[in-house]
Each structure stands twice: as structure tokens, then as C-alpha cells.
Amino acid sequence: MAGATGAELDDMQGLLRSAFRTLPDACFAMYTLGEAAGGRRFLSRIAGRVTSAAARDVPVATQVALSATGLRAIGLPDAVVGGFSLEFQAGIAAPQRSRFLGDNLGRWTWGMPGGPRVDVLVCTYARTSEELHAEVAKVDAAAAEGGGSDAKRLETRTLSPTEPFGFLDGISDPFVPELASRAQVANPPAAQPVPLGEFVLGYRDIYGLLTQRPVLPHSVDPANLLPTVPPGTDQGNPEGGADLGRNGSYLVLRTLGQDTAGFDRYVREQASASGLDAELLAAKMVGRWRSGASLVMSPDRDRPYLADANDFGYHVDDPRGLRCPIGAHVRRANPRDSLDPSPGSAQSLAVTDRHRIMRRGRKFTDADGTAGLHFVALNANLGRQFEFVQHTWLNNPKFGDLYDDVDPLVGPRGERSVFTVPDQPLRRRFADLPDFVTTLGGAYLFLPGLRALHYLCEGLW
Ligand code: HEM
């Protein structure tokens, strides 16, 4: 099972390795399950269709994830669900989680308490919309046959390289050698590698530990469907057992509506009032030009040939944010080498690397004209990775040396909502930032390994 790197790619879902960019059409369908046996029947009808991380060049890809309510709905005992992380068990819309994330559930159109329960997410990707719809129809039929009903369907826009504000997206993701694409193997990024266990459960994380996950007694896995944890190999499970978490990951799904006209208007108005070029102001907010070129590498104008250049730090070339503002979206989302206690050092990079996420989202335009991103992030520790990035970096008014700023794209707006652009001789401050991005729904899901998915279908516990 294990490849040369020790990573069991054939037991992981493909999203861990790729955003399926060769499959431009996608649909994220969520279901509420009926009774437990029907729910498991639904899963077993689609389990064989799930694309593994070992598969290459597939015409259609299917990925399956379950929420904590979904795991309970298929009959998994509370004691086993209790082995998953607390954030996952509570769900993204639990009061303490949404307070922490700065979410206003009053704006949500799916995933909120009182709305249809999101038990299962099936993400389908295809080369054409015909192939997509044919595949989704099979999933729908399997769901109906198992007594499931539609909770929400997120259609996505045919894949294009830019997000709705018009900036190149999908550039910077953590480099995990075991999950490297063919292009990365041929031309490895200069970035320091991040351990596999930061994204995939059952492998060593950045602390050298195996992240918390449900490990069951062998007695409830009589057919040995699950990977084995040998006794004495895992500090959290000294007696070993059957690993329900291994090769799985936590998936965060959030629908982020984007006010594209409002963004352009604000940038235009503020630019003309301040004398700053509008494109430069927009780039300062993101930290990259629309082409993707980083402001650290190209501070004065867009240089599209630097579009996907990602080998840069902040400390040496731009410690005060004169090129890329301290509060720019990408600098908050991944401060690279700029954090205390010793900016510019390997230690600083190591601190940042405790809080990385893999992004796998797709953009959308709804029939009513709402555009945005169905943001997807993968990580092994929701609290230390996704939630930390959102709460402690993006939403934090005191990030870096700032005091009442917000992330100019996604930070929740307060009374003043300021964005500071360091400049000489004086910094510029842009106030009263409108809500360019509104969270419209979300869920925490478990993306199981393939053997774990088969185990869940069997109901042997
Ligand atoms: C609609 C909302 C959002 C928009 C328009 C947006 C846009 C962008 C853009 C244009 C980039 C630069 C391109 C790239 O590196 O791929 C980027 C990078 C990034 N974003 Fe966002 N983003 C949004 C929401 C979020 C959220 C909610 C998070 C995390 C909770 C996030 C985390 C990141 C990270 C980690 C990076 C990579 C930074 C780096 O490594 O340099 N983004 N985003």
C-alpha cells in the first residue's frame, strides 16, 4: 500500500494531491441522510466511484466527505465520533465556532442551524458539463435510493485562473513532497517542505506527532478493513488499534459571496481621492497584482511574467511593508518569514508553517448574479490551521504592528475598518472598507481515506 515515500496515495482522496484543474466543471452536492442503513447504502453505491490520490488523468473525479451529523446519521457510535476533533464535532455553525470565526449566521443561506442538515458532501469534477451532469445524476439516484434528500447544491463556474475580483488564484499552496505533482517533482519549489501529517491524518505532523483521530479497537474491525496502528507507535493510542482517521483530512467548505462591483468602486474612489493608482491600491489589498506577480518582487508595476513566482519572503526585502502592506491579504494569510520572535529566520518560517492550509476552492456565479468562491481548505487540525488563519491572522485588528485594521478582502468589518498602506514619508490609511466578502454558508467535513470510507459503509461497529 505505501509508496516509496510512505504515503498511501491509493488510500487518500485525490483532492489532497490536486485541485483537479484538468476538470474545469464541478458541482458540490450536499445531502441530508435518512435512516442509518439507507445512508450507508448511499455511501456504498458511490464509494467505488471515489478518485484516489494515486489516479492520474481521470475524465471525471468524485470526492466524498461527511460531517459529524453525517457520521452519527449512518449510526457511528458517539464514542467513535468523539475521537474526531472538537471543532469538527461541534460543526462550523456552532455558536462558539462562529463567534471565533467572526461569522454572521443571519446571512447564511445553507449550513446554518435550522436549515437542512448537511450530512454528506459529494464533489464531482468533469471535463464537460454533460459529463458532470451525468455523473451528478448517478450520485443523486444513489442518494434517493438510500433515503437521502438534497440539502444544498453548489454549482461552480467553469474553472478559470482568476477569482471574481480578477486576481490570479491558486498560486501559493504548501509544498508537501509526498503529495507533489509531476511538475513539482520535475521542478521542486524552493519553499521549505511541510510535513504530510499537517494535511493527512495518521502521519507525523510538524511537531513529529500523529494528530488526534479516531483509532478503534480491532474487535470492531473483524475483517481488518482499516489500517492498523501497531502498539507503541502512537503517543495518543499506546495500545494501537484500527485507524479510522488514517489517510483522511478535514475539509472546510465556505461559500464566500464577493461584491465585485463594490470592490472596483471603492478602489477607484479611494485611488482618485488619495492620488494612488487604482490598480496599485487593489494590488496592495491583495499583496499581488492581478496577474499574480508578488508586490515584494514587483512593487511598482505589474509584471505578468512573475505571475506564479512564489519563492520570496517578506523580512529581507520588505520588513516594514513598503512593498506589500503588513495587512495585505496574502501577507496575513501566510506571513512567511515575517513573524516574531526572530523575523527572517528559519524559526520564523517554522512558526508560520504550523498554520498552513491547502486551498481547493472553485468560483461561482449564481442565477441572481451573486459571484464568489466556494472556498475549500484541507488540513489535519481545524483549530491550529484553518481557524487560526481566519481568526488570528485574517480577522485580527492587531495583526503585526497594526491596531485597528482588518484583512481588506475578508476581515469582518468593525466600526472603523481600516486598511493601512505603509508609505514614505507617511503611511496612508483607507477607512470604512465595505464588506467586499460575505460568508453565505459553511460546513466542517471529514474527507475519509478510501478504506475508512468502505468501513463506514459496512456498519460493523
Ligand atoms: C473571497 C474571498 C477570498 C479571495 C477573493 C481571496 C483571494 C486570494 C488571492 C487572489 C490570493 C493570491 C493567489 C494565491 O496565492 O493563490 C490568495 C491567497 C491566499 N489566500 Fe485567499 N482569498 C479569499 C479568502 C481566503 C480565506 C477565507 C482564507 C483562509 C481562511 C484565505 C487564505 C489564503 C492563503 C493561505 C493564501 C496563500 C498565501 C500565500 O501563501 O502567499 N483566503 N487569496
# chains A, B, ... in the order shown; residues from 1 in each chain; ligands from 1
>>> residues_around(residues="region 343-345 of chain A", least_positions_apart="3", cutoff="8 Å", atoms="only C-alpha atoms", output="PyMOL selection string")
chain A and resi 313-316+337-340+348-349
>>> residues_around(residues="region 271-281 of chain A", least_positions_apart="3", cutoff="9 Å", atoms="only C-alpha atoms", output="list of chain:residue names")
A:Asp264, A:Tyr266, A:Val267, A:Arg268, A:Lys284, A:Met285, A:Val286, A:Trp289, A:Arg290, A:Pro299, A:Asp300, A:Arg301, A:Asp302, A:Val421, A:Arg428
>>> residues_near_ligand(ligand="ligand 1", cutoff="8 Å", atoms="only C-alpha atoms and all ligand atoms", output="ChimeraX atom specification")
/A:162-174,254,256-258,286-288,290,292,310,329-336,356-359,372-373,375,377,386-387,389-390,394,409-410,437-438
>>> write_last_selection(atoms="N, CA and C atoms", output="tab-separated table (two decimals), in the first residue's frame")
chain	number	residue	atom	x	y	z
A	162	THR	N	-8.62	33.06	-12.63
A	162	THR	CA	-8.76	34.20	-11.72
A	162	THR	C	-9.98	34.04	-10.82
A	163	GLU	N	-9.90	34.65	-9.62
A	163	GLU	CA	-11.07	34.69	-8.74
A	163	GLU	C	-11.93	35.89	-9.15
A	164	PRO	N	-13.17	36.04	-8.64
A	164	PRO	CA	-14.08	37.06	-9.16
A	164	PRO	C	-13.60	38.51	-9.07
A	165	PHE	N	-12.72	38.86	-8.13
A	165	PHE	CA	-12.19	40.23	-8.14
A	165	PHE	C	-11.19	40.43	-9.28
A	166	GLY	N	-10.81	39.33	-9.92
A	166	GLY	CA	-9.95	39.45	-11.11
A	166	GLY	C	-8.48	39.15	-10.87
A	167	PHE	N	-8.15	38.56	-9.72
A	167	PHE	CA	-6.74	38.23	-9.41
A	167	PHE	C	-6.47	36.76	-9.68
A	168	LEU	N	-5.27	36.49	-10.17
A	168	LEU	CA	-4.90	35.09	-10.38
A	168	LEU	C	-4.97	34.36	-9.04
A	169	ASP	N	-5.57	33.17	-9.05
A	169	ASP	CA	-5.73	32.41	-7.81
A	169	ASP	C	-5.03	31.07	-7.97
A	170	GLY	N	-4.88	30.37	-6.85
A	170	GLY	CA	-4.31	29.02	-6.93
A	170	GLY	C	-2.80	29.04	-7.11
A	171	ILE	N	-2.12	30.07	-6.63
A	171	ILE	CA	-0.66	30.14	-6.82
A	171	ILE	C	0.06	29.46	-5.67
A	172	SER	N	-0.21	29.92	-4.45
A	172	SER	CA	0.63	29.50	-3.33
A	172	SER	C	-0.07	28.48	-2.46
A	173	ASP	N	0.44	27.27	-2.45
A	173	ASP	CA	-0.05	26.22	-1.56
A	173	ASP	C	1.17	25.61	-0.88
A	174	PRO	N	0.98	25.03	0.30
A	174	PRO	CA	2.14	24.43	0.97
A	174	PRO	C	2.76	23.33	0.11
A	254	ARG	N	-16.74	26.77	2.57
A	254	ARG	CA	-17.41	28.04	2.88
A	254	ARG	C	-17.79	28.74	1.59
A	256	LEU	N	-18.32	32.07	-0.08
A	256	LEU	CA	-17.92	33.46	0.17
A	256	LEU	C	-18.42	34.32	-0.99
A	257	GLY	N	-19.49	35.07	-0.74
A	257	GLY	CA	-20.03	35.95	-1.78
A	257	GLY	C	-19.10	37.15	-1.94
A	258	GLN	N	-18.85	37.56	-3.18
A	258	GLN	CA	-17.93	38.68	-3.42
A	258	GLN	C	-18.66	39.81	-4.13
A	286	VAL	N	-4.48	42.96	-1.92
A	286	VAL	CA	-4.29	41.52	-2.07
A	286	VAL	C	-2.86	41.12	-1.70
A	287	GLY	N	-1.89	41.96	-2.09
A	287	GLY	CA	-0.47	41.59	-1.89
A	287	GLY	C	0.13	41.05	-3.17
A	288	ARG	N	-0.67	40.92	-4.19
A	288	ARG	CA	-0.22	40.53	-5.53
A	288	ARG	C	-0.96	41.38	-6.54
A	290	ARG	N	-2.96	41.80	-10.23
A	290	ARG	CA	-3.98	40.91	-10.81
A	290	ARG	C	-3.35	39.74	-11.55
A	292	GLY	N	-0.93	38.10	-10.64
A	292	GLY	CA	-0.39	37.18	-9.65
A	292	GLY	C	0.99	37.60	-9.16
A	310	ASN	N	6.78	32.34	-6.57
A	310	ASN	CA	6.31	32.20	-5.20
A	310	ASN	C	7.46	32.06	-4.22
A	329	HIS	N	-3.89	40.85	2.10
A	329	HIS	CA	-4.50	39.53	2.30
A	329	HIS	C	-3.47	38.41	2.31
A	330	VAL	N	-2.58	38.36	1.32
A	330	VAL	CA	-1.66	37.20	1.28
A	330	VAL	C	-0.61	37.26	2.38
A	331	ARG	N	-0.29	38.47	2.85
A	331	ARG	CA	0.72	38.57	3.91
A	331	ARG	C	0.14	38.16	5.25
A	332	ARG	N	-1.14	38.43	5.44
A	332	ARG	CA	-1.81	37.92	6.65
A	332	ARG	C	-2.02	36.41	6.56
A	333	ALA	N	-2.46	35.93	5.38
A	333	ALA	CA	-2.84	34.52	5.24
A	333	ALA	C	-1.63	33.60	5.33
A	334	ASN	N	-0.45	34.11	4.98
A	334	ASN	CA	0.79	33.35	5.11
A	334	ASN	C	1.93	34.35	5.29
A	335	PRO	N	2.21	34.70	6.55
A	335	PRO	CA	3.23	35.75	6.80
A	335	PRO	C	4.66	35.29	6.50
A	336	ARG	N	4.81	34.04	6.06
A	336	ARG	CA	6.13	33.51	5.66
A	336	ARG	C	7.16	33.73	6.76
A	356	ARG	N	-0.70	26.28	8.18
A	356	ARG	CA	-0.89	26.30	6.73
A	356	ARG	C	-2.16	25.53	6.36
A	357	ILE	N	-2.76	25.93	5.26
A	357	ILE	CA	-3.92	25.20	4.74
A	357	ILE	C	-3.70	24.94	3.25
A	358	MET	N	-4.35	23.89	2.74
A	358	MET	CA	-4.35	23.64	1.30
A	358	MET	C	-5.65	24.16	0.75
A	359	ARG	N	-5.59	24.98	-0.28
A	359	ARG	CA	-6.82	25.57	-0.82
A	359	ARG	C	-7.24	24.85	-2.10
A	372	GLY	N	-18.70	34.66	-6.39
A	372	GLY	CA	-17.85	34.43	-5.22
A	372	GLY	C	-17.08	33.15	-5.34
A	373	LEU	N	-16.60	32.71	-4.19
A	373	LEU	CA	-15.81	31.48	-4.13
A	373	LEU	C	-16.52	30.48	-3.23
A	375	PHE	N	-15.10	28.33	-1.13
A	375	PHE	CA	-13.76	28.17	-0.58
A	375	PHE	C	-13.65	26.77	0.02
A	377	ALA	N	-10.82	24.31	2.05
A	377	ALA	CA	-9.48	24.18	2.63
A	377	ALA	C	-9.36	22.79	3.24
A	386	PHE	N	-6.92	26.02	9.80
A	386	PHE	CA	-7.92	26.93	9.21
A	386	PHE	C	-8.40	28.00	10.20
A	387	GLU	N	-8.82	27.58	11.40
A	387	GLU	CA	-9.42	28.56	12.32
A	387	GLU	C	-8.39	29.59	12.76
A	389	VAL	N	-5.79	30.67	11.01
A	389	VAL	CA	-5.55	31.62	9.91
A	389	VAL	C	-6.68	32.63	9.84
A	390	GLN	N	-7.92	32.12	9.94
A	390	GLN	CA	-9.07	33.03	9.84
A	390	GLN	C	-9.13	33.99	11.04
A	394	LEU	N	-6.28	36.67	9.70
A	394	LEU	CA	-7.12	37.48	8.80
A	394	LEU	C	-8.03	38.44	9.56
A	409	LEU	N	-9.76	42.14	2.22
A	409	LEU	CA	-10.72	41.35	1.43
A	409	LEU	C	-11.77	40.71	2.32
A	410	VAL	N	-11.32	39.95	3.32
A	410	VAL	CA	-12.27	39.06	4.00
A	410	VAL	C	-12.52	39.37	5.47
A	437	VAL	N	-16.62	40.86	0.98
A	437	VAL	CA	-16.85	39.41	1.01
A	437	VAL	C	-17.82	39.08	2.15
A	438	THR	N	-18.85	38.30	1.85
A	438	THR	CA	-19.82	37.90	2.87
A	438	THR	C	-19.90	36.37	2.90
>>> closest_residue(among="A:Arg45, A:Arg303, A:Arg21, A:Arg265", to="Ser181 (chain A)", atoms="only C-alpha atoms")
A:Arg21
>>> residues_around(residues="Gly241 (chain A)", least_positions_apart="6", cutoff="6 Å", atoms="only C-alpha atoms", output="list of chain:residue names")
A:Val215, A:Leu216, A:Pro217, A:His218, A:Thr228, A:Val229
>>> write_last_selection(atoms="C-alpha atoms", output="PDB file, in the first residue's frame")
ATOM      1  CA  VAL A 215      -8.499   4.748  16.470  1.00  0.00           C
ATOM      2  CA  LEU A 216     -10.858   1.842  17.225  1.00  0.00           C
ATOM      3  CA  PRO A 217     -10.369  -1.490  18.988  1.00  0.00           C
ATOM      4  CA  HIS A 218      -9.614  -4.265  16.488  1.00  0.00           C
ATOM      5  CA  THR A 228      -3.517  -0.890  11.664  1.00  0.00           C
ATOM      6  CA  VAL A 229      -1.785   1.188  14.327  1.00  0.00           C
TER       7      VAL A 229
END
>>> closest_residue(among="A:Thr233, A:Asn247, A:Thr156, A:Gln89", to="Leu453 (chain A)", atoms="only C-alpha atoms")
A:Asn247
>>> residues_around(residues="Leu43 (chain A)", least_positions_apart="4", cutoff="7 Å", atoms="only C-alpha atoms", output="NGL selection string")
:A and (39 or 47 or 457)
>>> residues_around(residues="region 114-119 of chain A", least_positions_apart="2", cutoff="10 Å", atoms="only C-alpha atoms", output="PyMOL selection string")
chain A and resi 29-34+39+65-74+108-112+121+148-152+442-445
>>> select_by_dssp(residues="region 159-290 of chain A", states="alpha helix (DSSP H)", output="PyMOL selection string")
chain A and resi 182-186+260-274+278-286
>>> closest_residue(among="A:Phe263, A:Phe175, A:Phe446, A:Phe84", to="Arg213 (chain A)", atoms="only C-alpha atoms")
A:Phe84
>>> closest_residue(among="A:Gly459, A:Pro193, A:Pro448, A:Gly48", to="Val120 (chain A)", atoms="only C-alpha atoms")
A:Pro448
>>> select_by_dssp(residues="region 31-190 of chain A", states="strand (DSSP E)", output="PDB file with N, CA and C atoms, in the first residue's frame")
ATOM      1  N   TYR A  31     -26.126  16.471   0.976  1.00  0.00           N
ATOM      2  CA  TYR A  31     -27.334  15.672   1.231  1.00  0.00           C
ATOM      3  C   TYR A  31     -27.586  15.540   2.726  1.00  0.00           C
ATOM      4  N   THR A  32     -28.899  15.423   3.058  1.00  0.00           N
ATOM      5  CA  THR A  32     -29.309  15.035   4.405  1.00  0.00           C
ATOM      6  C   THR A  32     -29.665  13.565   4.345  1.00  0.00           C
ATOM      7  N   VAL A  60     -13.365  12.102 -15.052  1.00  0.00           N
ATOM      8  CA  VAL A  60     -14.344  12.538 -14.049  1.00  0.00           C
ATOM      9  C   VAL A  60     -13.764  12.176 -12.687  1.00  0.00           C
ATOM     10  N   ALA A  61     -13.953  13.050 -11.702  1.00  0.00           N
ATOM     11  CA  ALA A  61     -13.468  12.714 -10.358  1.00  0.00           C
ATOM     12  C   ALA A  61     -14.590  12.928  -9.358  1.00  0.00           C
ATOM     13  N   THR A  62     -14.647  12.050  -8.370  1.00  0.00           N
ATOM     14  CA  THR A  62     -15.665  12.143  -7.315  1.00  0.00           C
ATOM     15  C   THR A  62     -14.968  12.098  -5.969  1.00  0.00           C
ATOM     16  N   GLN A  63     -15.368  12.999  -5.068  1.00  0.00           N
ATOM     17  CA  GLN A  63     -14.811  13.010  -3.718  1.00  0.00           C
ATOM     18  C   GLN A  63     -15.979  13.013  -2.727  1.00  0.00           C
ATOM     19  N   VAL A  64     -15.806  12.342  -1.601  1.00  0.00           N
ATOM     20  CA  VAL A  64     -16.908  12.236  -0.638  1.00  0.00           C
ATOM     21  C   VAL A  64     -16.425  12.616   0.753  1.00  0.00           C
ATOM     22  N   ALA A  65     -17.228  13.416   1.444  1.00  0.00           N
ATOM     23  CA  ALA A  65     -16.887  13.803   2.814  1.00  0.00           C
ATOM     24  C   ALA A  65     -18.149  13.774   3.668  1.00  0.00           C
ATOM     25  N   LEU A  66     -17.966  13.551   4.965  1.00  0.00           N
ATOM     26  CA  LEU A  66     -19.109  13.503   5.892  1.00  0.00           C
ATOM     27  C   LEU A  66     -18.897  14.507   7.017  1.00  0.00           C
ATOM     28  N   VAL A 120     -23.658  14.774   4.136  1.00  0.00           N
ATOM     29  CA  VAL A 120     -22.676  14.245   3.174  1.00  0.00           C
ATOM     30  C   VAL A 120     -22.430  15.296   2.103  1.00  0.00           C
ATOM     31  N   LEU A 121     -21.182  15.438   1.734  1.00  0.00           N
ATOM     32  CA  LEU A 121     -20.811  16.308   0.603  1.00  0.00           C
ATOM     33  C   LEU A 121     -20.216  15.420  -0.476  1.00  0.00           C
ATOM     34  N   VAL A 122     -20.715  15.554  -1.689  1.00  0.00           N
ATOM     35  CA  VAL A 122     -20.096  14.854  -2.819  1.00  0.00           C
ATOM     36  C   VAL A 122     -19.631  15.926  -3.803  1.00  0.00           C
ATOM     37  N   CYS A 123     -18.339  15.959  -4.045  1.00  0.00           N
ATOM     38  CA  CYS A 123     -17.774  16.908  -5.014  1.00  0.00           C
ATOM     39  C   CYS A 123     -17.500  16.131  -6.295  1.00  0.00           C
ATOM     40  N   THR A 124     -18.084  16.603  -7.385  1.00  0.00           N
ATOM     41  CA  THR A 124     -17.872  15.938  -8.673  1.00  0.00           C
ATOM     42  C   THR A 124     -17.175  16.916  -9.614  1.00  0.00           C
ATOM     43  N   TYR A 125     -16.187  16.430 -10.335  1.00  0.00           N
ATOM     44  CA  TYR A 125     -15.417  17.257 -11.284  1.00  0.00           C
ATOM     45  C   TYR A 125     -15.420  16.536 -12.623  1.00  0.00           C
ATOM     46  N   ALA A 126     -15.554  17.289 -13.708  1.00  0.00           N
ATOM     47  CA  ALA A 126     -15.587  16.638 -15.026  1.00  0.00           C
ATOM     48  C   ALA A 126     -15.004  17.550 -16.092  1.00  0.00           C
ATOM     49  N   SER A 149     -31.879  13.205   1.067  1.00  0.00           N
ATOM     50  CA  SER A 149     -32.515  14.311   0.338  1.00  0.00           C
ATOM     51  C   SER A 149     -31.502  15.432   0.143  1.00  0.00           C
ATOM     52  N   ASP A 150     -31.787  16.272  -0.828  1.00  0.00           N
ATOM     53  CA  ASP A 150     -30.904  17.407  -1.131  1.00  0.00           C
ATOM     54  C   ASP A 150     -30.837  18.369   0.035  1.00  0.00           C
ATOM     55  N   ALA A 151     -29.641  18.735   0.488  1.00  0.00           N
ATOM     56  CA  ALA A 151     -29.519  19.788   1.498  1.00  0.00           C
ATOM     57  C   ALA A 151     -29.133  21.091   0.818  1.00  0.00           C
ATOM     58  N   LYS A 152     -28.220  21.010  -0.139  1.00  0.00           N
ATOM     59  CA  LYS A 152     -27.790  22.204  -0.875  1.00  0.00           C
ATOM     60  C   LYS A 152     -26.938  21.763  -2.053  1.00  0.00           C
ATOM     61  N   ARG A 153     -27.053  22.461  -3.134  1.00  0.00           N
ATOM     62  CA  ARG A 153     -26.250  22.149  -4.327  1.00  0.00           C
ATOM     63  C   ARG A 153     -25.471  23.393  -4.698  1.00  0.00           C
ATOM     64  N   LEU A 154     -24.175  23.302  -4.742  1.00  0.00           N
ATOM     65  CA  LEU A 154     -23.360  24.456  -5.116  1.00  0.00           C
ATOM     66  C   LEU A 154     -22.818  24.224  -6.510  1.00  0.00           C
ATOM     67  N   GLU A 155     -23.355  25.001  -7.439  1.00  0.00           N
ATOM     68  CA  GLU A 155     -22.826  24.910  -8.803  1.00  0.00           C
ATOM     69  C   GLU A 155     -21.601  25.808  -8.862  1.00  0.00           C
TER      70      GLU A 155
END
>>> closest_residue(among="A:Asp205, A:Asp423, A:Glu178, A:Asp318", to="Val296 (chain A)", atoms="only C-alpha atoms")
A:Asp318
>>> closest_residue(among="A:Ala309, A:Ala79, A:Val58, A:Leu433", to="Gln270 (chain A)", atoms="only C-alpha atoms")
A:Leu433
>>> atom_distance(atom1="CA of Pro231 (chain A)", atom2="CA of Ile206 (chain A)")
22.1 Å
>>> atom_distance(atom1="CA of Gln13 (chain A)", atom2="CA of Ile92 (chain A)")
22.1 Å
>>> residues_around(residues="Ser219 (chain A)", least_positions_apart="2", cutoff="10 Å", atoms="only C-alpha atoms", output="number ranges by chain")
A: 216-217, 221-224, 241-242, 460-461
>>> atom_distance(atom1="CA of Gly248 (chain A)", atom2="CA of Glu8 (chain A)")
10.7 Å
>>> residues_around(residues="Arg427 (chain A)", least_positions_apart="3", cutoff="12 Å", atoms="only C-alpha atoms", output="list in words")
Ser274, Arg320, Gly321, Leu322, Arg323, Pro325, Ile326, Leu402, Phe419, Thr420, Val421, Pro422, Asp423, Gln424 and Phe430 of chain A
